[in-house]
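A.B. asks: One structure follows; several queries about it will come next.
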Amino acid sequence: MEKLYEAHLLSVCSALGGFDTVELDNGKKQKKYIIGDECYDCLKDLKKFLRQDDANVEKHVSRALGSWMIVQKDLIPILIEYKDNDKIAMAVVEVLVPLTWPIEISLEEIKNEDQDLPSQLEYLISYKEAIISTDALNALFEIIIKPLSVSYRDRTYRETALIRLIFLLIRNLLCIKDKEASVLTSTDKLRRSTLQEKLMIKLQKSNFIELLLSFAGSLDETEYVEWNMLILEIFYHMYIGRDPEEILSNKHVGLSHKVTELLKHEQKMNSIDLKKRYSRHSRFGGSYFIEFENGKKLNILQSNAINLSMDEILDNNKKIKPKIAKKDEKYLYTKRITDEEARAIYKSTADLFVENCFNSFYTSIKKDFDMQRTKVREIDYIHFIWFCSFILKYREYAYEKASEEDKLKYSFDSINSILNVKGLLFIVYRLKLYQDEKKWQEIGLTLYCLKYVLITLNCMSDSDDENYREASKNLQHNLYYEEETLNIIINLCRNYKTRNSNKHFLRNLIETIHILLKMLEKFSKENKYLYTRKQKAIRKKNENESNEVEEEEINKKYYEHEFHFTNVEQKFASDTIINTYIYCLEDYKSLKESTIHQITKMFYRIAIKCGLEPMFFKLSIFELFNRILSEKEILPNSQSFRELYEFINYIVNSFFIYLEKDPMLSIGILFQKSKKDCLEIKYGSEYFDTNKEEVEKKYNSDDEIEVKAGLSKNEKLSVAISLLKENKKEQYIQWIKDTIDKAAETRDIINYKDKEDEQSKTEKQENTDYVIEPEDDNQKVIMEKDQQLRLLMNLLGFKEIKEFESPENENENENENENDLIEKNVWIIPKEFTRYELMETRKLIILYENDPIELLSKKPASKLIRKVKKRGQRKRVTHRKSNGNGKGSEVITTDLSAPYILDEKDNTSDSDDDEAFNAFLKREAELRQRTYEKHEKIIEEENEKRSQALLKREKILKNIETKINNNKKSRKTRSRQSTDPIEIPDGNNALKSIEIEDDNNDDQIETIISPKPTKKKLLKLSEMNIISDEDDDYEEDTTTNDNKNISQELKLNDNLTTTSTNKNQNIGIAFESDTESDSDFEFQFKSLQESLSNKKESETETDILKLTTLDTTHTDNNTSNIMEFKDFTNSDINNNKRKIDESNDIKEIENNIENIQINSKKRKKMLIVESDSESD
C-alpha cells in the first residue's frame, strides 16, 4: 500500500472517535466511547475502501485495519454505545460484515507471494474473540428486533437489508474456524481453540438461537422464504465438525469409556514388546548368522534376533519411506466438545430443530433447488446434503437413547419430508453427478447421507406401525427399481484409487454397501417377484448430403427384467473390489469391529455364496492373512475378529485342497483371476467343454430367436442362412430348397399372351396352402425344436398353424372320451406365394449361401441374433365379495403379479374337472369341423358361379369385338366426308354443338355444353381411358394375377364419320362422373338416334351400354384401355334390340359378381371373428 493512501486511511479511522472519561449521575467517573462529528461519513468512507479491497488479492485495507485493531478499539464500542442510533448502527454493521467475511481462496492465490494468509486468519480470529468477549451480540439482537417488529408488507428496503446484514455477520462469525491445540500448547492457544463453543453460549444468551429456530420453522411461509439459504448456511457452520453421538453422550461416561479402551490397547502393545525383548543378562549374546541354500551366510548383529521372525530380522535395517499424506476430510471431520454448557446448547437446539423445523426447512430449500433459482449456489447443495445427514444421524441416536415418552419427539413424522421418492432421487442424482465430475469429497458426503437414509428406512421397516412399514416398502421398491442406483455404488467401489482418496471415504463406502445389500436381501426375500428397470442407450448417427457423419444422437430406452439378488452379489465378485476391501483391511489394528464384520461379510458373499474361493488365492492376500493370524493373541477376541479367523482358515484350507489337484496353482497365486479362471480351478477345464455344449444348445430350447434390429429382410435372411452353416447344418438348407421346389410344382403358371386359347383361361385351378410334411420322426422333432431352422422358415414367410386330429389307435381309447383330439403344429407355405415368387426365393437362398452379406465378414451370425422377448399376460383374478344379503358378487381385479400366484383350486386335481375340460374340447372340435365344412361348401358354390359368369362375359365381349371389327372393315371403303356440326336438343331446348373433324387433322371433339344437374362433363377423345381397378373378390387368386387381364383393348383407329342426312345416326358420347365408385369405373356409351324424315316425329332414343372393366393384376403399371367410338350405320338399327338384350345380360352378370363379392367379404369377416375367438 502506498504511504499516501495509508495516511488517508489512517486519518479516516482517527476521525471515528475515541474513549473519554465521563462523570455518571452517581458521581462516579467512567470511560465511554464518544464518536466524532464526522463519524458517519468516516464509516461510509471505510465501506468504500473495503469495497475497493474486494478485487485485490493482497487485501491491503483489511490487513491495515486489522493491524490497527479498528474493530476492537472503535467499531465494537460504537456498536454497543450507539445501538439506538439506527443510522450509526447500520453503518457499523456494513463495515463489520466485509471485515469478518470468510476467506475463500484457490491454490493459485495461496501460492501468491504477496498474500499474507496467516495474518488474515489471525485477524479474523481476533475479531471473533472480541465480539464474544463483549456485549456486541446483545446489541445486534436489539438492532434486528426493530425491523422484525414491522410487518412484512410495511417493511422498507433498508430494514430488510439490515436484517440480512446481521444474519450475514452471524454467519461470518460461525465460519471462522478455531485453531487446533494440543494439551501441551499455551493457554492463549488453548483458549482460542474453543471459541466456537463460547460463541454458541453467547448466541444462546443473546436469544439469537431462538430467533434462528423460529425463522427455520417458518421458511415455508412467504414472509421468510427469502432467508432460507442464509439460514441453511448458519446452521451448517454451527454444527459442522460436531458428532451427534458425542452431543448425546454423557461427558463423564464417555471419558471413562475412552480411558478404559486406551488402557487395554496399551496393555496389548506392552505384551507384544515383552515377547520381542531380551533380558539384561541374556545367555544368547553375540552375533547370529543366516545360511542360505547356495552356501552364503549373512551375519546378524542383533541381540534380540532369537525372538524375532525372519522377516523382522531382514527388514530391521531397511529405511522406512514416508507415507503419502492423504487429503483431510473436508466435510466429515469431527471435533471434540470440551464445554458441557455448549454440549447442552447443541443438544437442545438440535432437538427443537428436529421436532419443529426440519420439514418446513427441507421443503422450502428443496423447492428452490427444483426451480433452480438464481440465489442458489453450488455450495448450497453441499451444505444441504451435509445438514440432512446430520439431522438423520442425530434423530437415529436420539431415538435409541430416548425414553418411551420422549420417543414421540423423534418419530419418523418429524423427518417425513425427506422420506419420499423425490428425496431419494435427489440424493441419487447428486451422487451420480459428483461421480461424473470426479469430486471425491462431495461423493463421500452424498454417500454418507444416503447411508443414513437407508438406516432410517430399515428402522421404519422394523417398526410396529403398519403405516411406517408400508411407506418403507414403497420407498425401497422405488429405490431398487432403478438398476442404475446399484451400478453407481458398484462403480464407486471398483474405481476407488488408493492414491487419491482417503480411508475415511472407503470405510464410509464399505458401510453403505453393507447396509444396502443387507436391506436388499431382506426385501427380495419378502417380495418373491421383484422387477428392476435398466437403461439402454441407443446411438444413432446423422449423415449430411455428402455422407459425412455430423453428430450422434443418443436415445435412452428402458426395459424391465426380473430381479435376482444372486445377480447383484455376482457383480461384486471382481478382483478390483476385493483389492479395495483388502486395502481397507490393511488397517485391521485400528478398524472398528463393525467395519471388520462388514469386510468379512463381503468376503463371505464372494467366496461362499458365489462359489469363487480361488479369487482369494493371491500372494498379497495370503501375506495379509498371515499377519492377522500371527497377531491373533493380541487382537481383540470379539465376534467380528472370530468371523475373520474362520474365513481365513477356510480360504487357506481350500487353497491346499486345490493345490493337490493342480500343482501349477502355486504359480497362479502371483496373478489375478477372473471368474472363468476360478471356475476352471474348481471344476477343471472339462467344465468349459460341457458348458460350451450347453451354450450351443442354448437356442434349441423353447425360446424363439430373432435377428437383431437394424437389418433389412434380405440381410436377416442371409444371417439365418449363415447361422445354419456355422453350426454345420447345411442339410437343412438343402431340405428347404427341395421343399420350395415341390411347392412350386403345385402352383399354376398364369401368363396371358396374345392369341392364347380362351379355354385355358377358364380351366385355371385355385392355389391351396402347401403343407410341409416331415419325412420321419427325427425331422419332425427338428422342425419343432431347432430354433435356427425355425428362424429361417419364419423369415421365408412359412407359417406354423395348429391342427387337431383324432387318435390313431381308436381301440385303445374306447374306454376314454371318444372324441379326444390331439393337437399338433404344422408348417405350411401360404397359397399367396406364386410359382415365380417361390423360384425367386430359392435363387435368393443360393445367392446368400455362397455370398453372404458384408456384415457377416466382421461379425459371426451367432452375434447377430437374440432371444425373442416374451411378454407375460395379465391374469384376471375373480374374488367373491359378500353383500349384506349374504349373496356374493364377483369382483374382477387385475394384478401384475397375478400370473405368479397359485390359487388353491389350481393345486387340486379333480376328475370332474378333467371330464368337463375334455367335454369342452370335444364341443370346440365339433364346432370347428362344422364351420370348416360349411365354409368349404360356400367356397365351392362361389367358384362355380364365378366360372359361369366369366364364361358368359368372355363370350359377350368376344361378340362385341367381332362386330366392331366387321364395321371397321366396311367403313374403310366408305368415302371421307367433311365435318358438319350436329345439333342435339336437350330437355331445356338448348342446343349442344358437336364438331367432328377428319382423322387426318388430329381427332378432336370440341363440345359446347351447358352445365347439368347430373354433374357430368363431356370427355375429349384423348381423355377417354378405361381405368381398371382391383376386385376384392379375386384376391385369393393372387398367384395367377400377374398375367390376367379380362378387359379387352378395343382400339378403333378410324375417325368418327357422319353419314348422309335423312339417315339415322348413332354417335358415341362418353361422360365422366364427378363421383367415383368404390369398385369399378363405369363409362356409359350413349347412342342418340335422330330421325330426320318427315314421316316420323322427332325423337331421341338413347341406348346405354355399360361395360365394366375388371383388372385383377397386382402390377403397378395398370394399362389404360383406350376405346374409340364409332357410329353405327342405318343397317345396324335392326341389331339394336339384340344389343339391348346383351347389355341386360351384362347387367345381370355384374349383379351376380357383386353378390359374390359381398358374400366373400362376409365369409372373411366370419373367419376373422372365429379365429379371434379361438385365439382368446
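Labeling convention for the C-alpha cells: chains A, B, ... as they appear, residues from 1 per chain, ligands from 1 in order of appearance.
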Skip A:Met793 itself and residues of its chain fewer than 5 positions away, then list as number ranges by chain all residues within 10 Å of it, counting only C-alpha atoms.
C.D. replies: A: 717, 720, 736, 783, 787-788, 798-800, 827-829
A.B. asks: Kindly export the residues of the current selection with N, CA and C atoms, as a tab-separated table (two decimals), in the first residue's frame.
C.D. replies:
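Generated file (part_4.tsv):
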```tsv
chain	number	residue	atom	x	y	z
A	717	LEU	N	-32.29	-62.66	-43.74
A	717	LEU	CA	-32.29	-63.98	-44.37
A	717	LEU	C	-30.87	-64.50	-44.54
A	720	ALA	N	-29.63	-65.73	-41.15
A	720	ALA	CA	-30.20	-67.04	-40.78
A	720	ALA	C	-29.52	-68.18	-41.54
A	736	ILE	N	-34.75	-77.21	-47.32
A	736	ILE	CA	-35.63	-76.07	-47.57
A	736	ILE	C	-35.76	-75.82	-49.08
A	783	MET	N	-38.04	-79.85	-36.75
A	783	MET	CA	-38.91	-78.72	-37.12
A	783	MET	C	-39.56	-78.09	-35.89
A	787	GLN	N	-34.43	-74.08	-33.26
A	787	GLN	CA	-34.87	-72.70	-33.43
A	787	GLN	C	-34.13	-71.99	-34.55
A	788	GLN	N	-32.95	-72.49	-34.94
A	788	GLN	CA	-32.23	-71.89	-36.06
A	788	GLN	C	-32.95	-72.18	-37.38
A	798	PHE	N	-42.87	-68.83	-44.30
A	798	PHE	CA	-43.62	-70.01	-43.94
A	798	PHE	C	-44.38	-69.75	-42.64
A	799	LYS	N	-45.51	-70.43	-42.47
A	799	LYS	CA	-46.34	-70.22	-41.30
A	799	LYS	C	-46.55	-71.53	-40.56
A	800	GLU	N	-46.63	-71.41	-39.26
A	800	GLU	CA	-46.88	-72.58	-38.39
A	800	GLU	C	-48.29	-72.45	-37.83
A	827	TRP	N	-46.38	-76.89	-40.41
A	827	TRP	CA	-45.80	-75.79	-41.19
A	827	TRP	C	-46.39	-75.81	-42.59
A	828	ILE	N	-46.75	-74.64	-43.10
A	828	ILE	CA	-47.32	-74.53	-44.44
A	828	ILE	C	-46.62	-73.42	-45.21
A	829	ILE	N	-46.68	-73.54	-46.54
A	829	ILE	CA	-46.28	-72.44	-47.42
A	829	ILE	C	-47.58	-71.81	-47.92
```
A.B. asks: Restricting the calculation to only C-alpha atoms, which member of A:Glu180, A:Lys347, A:Leu140, A:Cys388 is positioned closest to A:Leu232?
C.D. replies: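 Between A:Glu180, A:Lys347, A:Leu140, A:Cys388, the residue approaching A:Leu232 most closely is A:Cys388.
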A.B. asks: Of the residues A:Gln30, A:Thr834, A:Asn1151, A:Asn967, which is the one nearest to A:Ala949, using only C-alpha atoms?
C.D. replies: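 The closest residue to A:Ala949 is A:Asn1151.
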A.B. asks: Report, in Å with one decimal, the straight-line distance from atom CA of A:Asp178 to atom CA of A:Arg192.
C.D. replies: 6.4 Å
A.B. asks: Residues within 12 Å of A:Lys609, please, as a PyMOL selection string. Count only C-alpha atoms; anything in the same chain fewer than 2 positions from it doesn't count.
C.D. replies: chain A and resi 565-570+572-573+601-607+611-613
A.B. asks: So that I have them on file, write out the residues from the current selection with N, CA and C atoms, as a short mmCIF file (atom, residue, chain, number, x, y, z; two decimals), in the first residue's frame.
C.D. replies:
```cif
data_model
loop_
_atom_site.label_atom_id
_atom_site.label_comp_id
_atom_site.auth_asym_id
_atom_site.auth_seq_id
_atom_site.Cartn_x
_atom_site.Cartn_y
_atom_site.Cartn_z
N PHE A 565 -31.35 -61.52 -6.44
CA PHE A 565 -30.31 -60.98 -5.57
C PHE A 565 -28.96 -61.63 -5.85
N THR A 566 -28.95 -62.86 -6.32
CA THR A 566 -27.68 -63.52 -6.63
C THR A 566 -26.93 -62.79 -7.74
N ASN A 567 -27.67 -62.17 -8.67
CA ASN A 567 -27.01 -61.42 -9.74
C ASN A 567 -26.29 -60.19 -9.18
N VAL A 568 -26.86 -59.57 -8.15
CA VAL A 568 -26.21 -58.42 -7.52
C VAL A 568 -24.92 -58.86 -6.83
N GLU A 569 -24.97 -59.99 -6.14
CA GLU A 569 -23.76 -60.48 -5.49
C GLU A 569 -22.68 -60.83 -6.51
N GLN A 570 -23.10 -61.34 -7.65
CA GLN A 570 -22.12 -61.66 -8.69
C GLN A 570 -21.43 -60.42 -9.22
N PHE A 572 -20.46 -57.91 -7.48
CA PHE A 572 -19.40 -57.53 -6.55
C PHE A 572 -18.23 -58.53 -6.59
N ALA A 573 -18.41 -59.63 -7.27
CA ALA A 573 -17.35 -60.64 -7.33
C ALA A 573 -16.36 -60.27 -8.43
N LYS A 601 -18.12 -60.04 5.84
CA LYS A 601 -19.38 -60.41 5.21
C LYS A 601 -19.30 -60.32 3.70
N MET A 602 -18.62 -59.33 3.17
CA MET A 602 -18.45 -59.23 1.72
C MET A 602 -17.59 -60.38 1.20
N PHE A 603 -16.53 -60.72 1.91
CA PHE A 603 -15.71 -61.87 1.51
C PHE A 603 -16.54 -63.15 1.51
N TYR A 604 -17.42 -63.28 2.48
CA TYR A 604 -18.27 -64.46 2.56
C TYR A 604 -19.21 -64.53 1.36
N ARG A 605 -19.78 -63.39 0.94
CA ARG A 605 -20.68 -63.39 -0.21
C ARG A 605 -19.95 -63.82 -1.48
N ILE A 606 -18.73 -63.33 -1.66
CA ILE A 606 -17.98 -63.65 -2.89
C ILE A 606 -17.50 -65.09 -2.89
N ALA A 607 -16.92 -65.54 -1.77
CA ALA A 607 -16.30 -66.87 -1.74
C ALA A 607 -17.32 -67.99 -1.57
N GLY A 611 -19.41 -68.86 -4.81
CA GLY A 611 -18.56 -70.01 -5.12
C GLY A 611 -17.28 -69.66 -5.83
N LEU A 612 -16.66 -68.53 -5.46
CA LEU A 612 -15.44 -68.08 -6.13
C LEU A 612 -14.30 -67.95 -5.13
N GLU A 613 -14.03 -69.05 -4.40
CA GLU A 613 -12.92 -69.03 -3.43
C GLU A 613 -11.57 -68.77 -4.08
#
```
A.B. asks: Compare A:Pro244, A:Gly36, A:Gly66, A:Pro98 by their minimum atom-to-atom distance to A:Tyr397, counting only C-alpha atoms, and give me the closest one.
C.D. replies: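 Residue with the minimum atom-to-atom distance to A:Tyr397: A:Pro244.
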A.B. asks: Atom CA of A:Thr512 and atom CA of A:Ile427 are how many Å apart?
C.D. replies: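 If I compute the distance from atom CA of A:Thr512 to atom CA of A:Ile427, I get 13.7 Å.
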A.B. asks: Need the shell around stretch 592-597 of chain A: protein/DNA/RNA residues with any atom at most 12 Å away, counting only C-alpha atoms. Skip same-chain ones fewer than 4 positions apart. Format as a VMD selection string?
C.D. replies: chain A and resid 503 to 504 506 to 515 581 to 582 584 to 588 601 to 604 635 to 645 647
A.B. asks: Report the distance between atom CA of A:Asp54 and atom CA of A:Ala130 in Å, rounded to one decimal place.
C.D. replies: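 Separation between atom CA of A:Asp54 and atom CA of A:Ala130: 23.4 Å.
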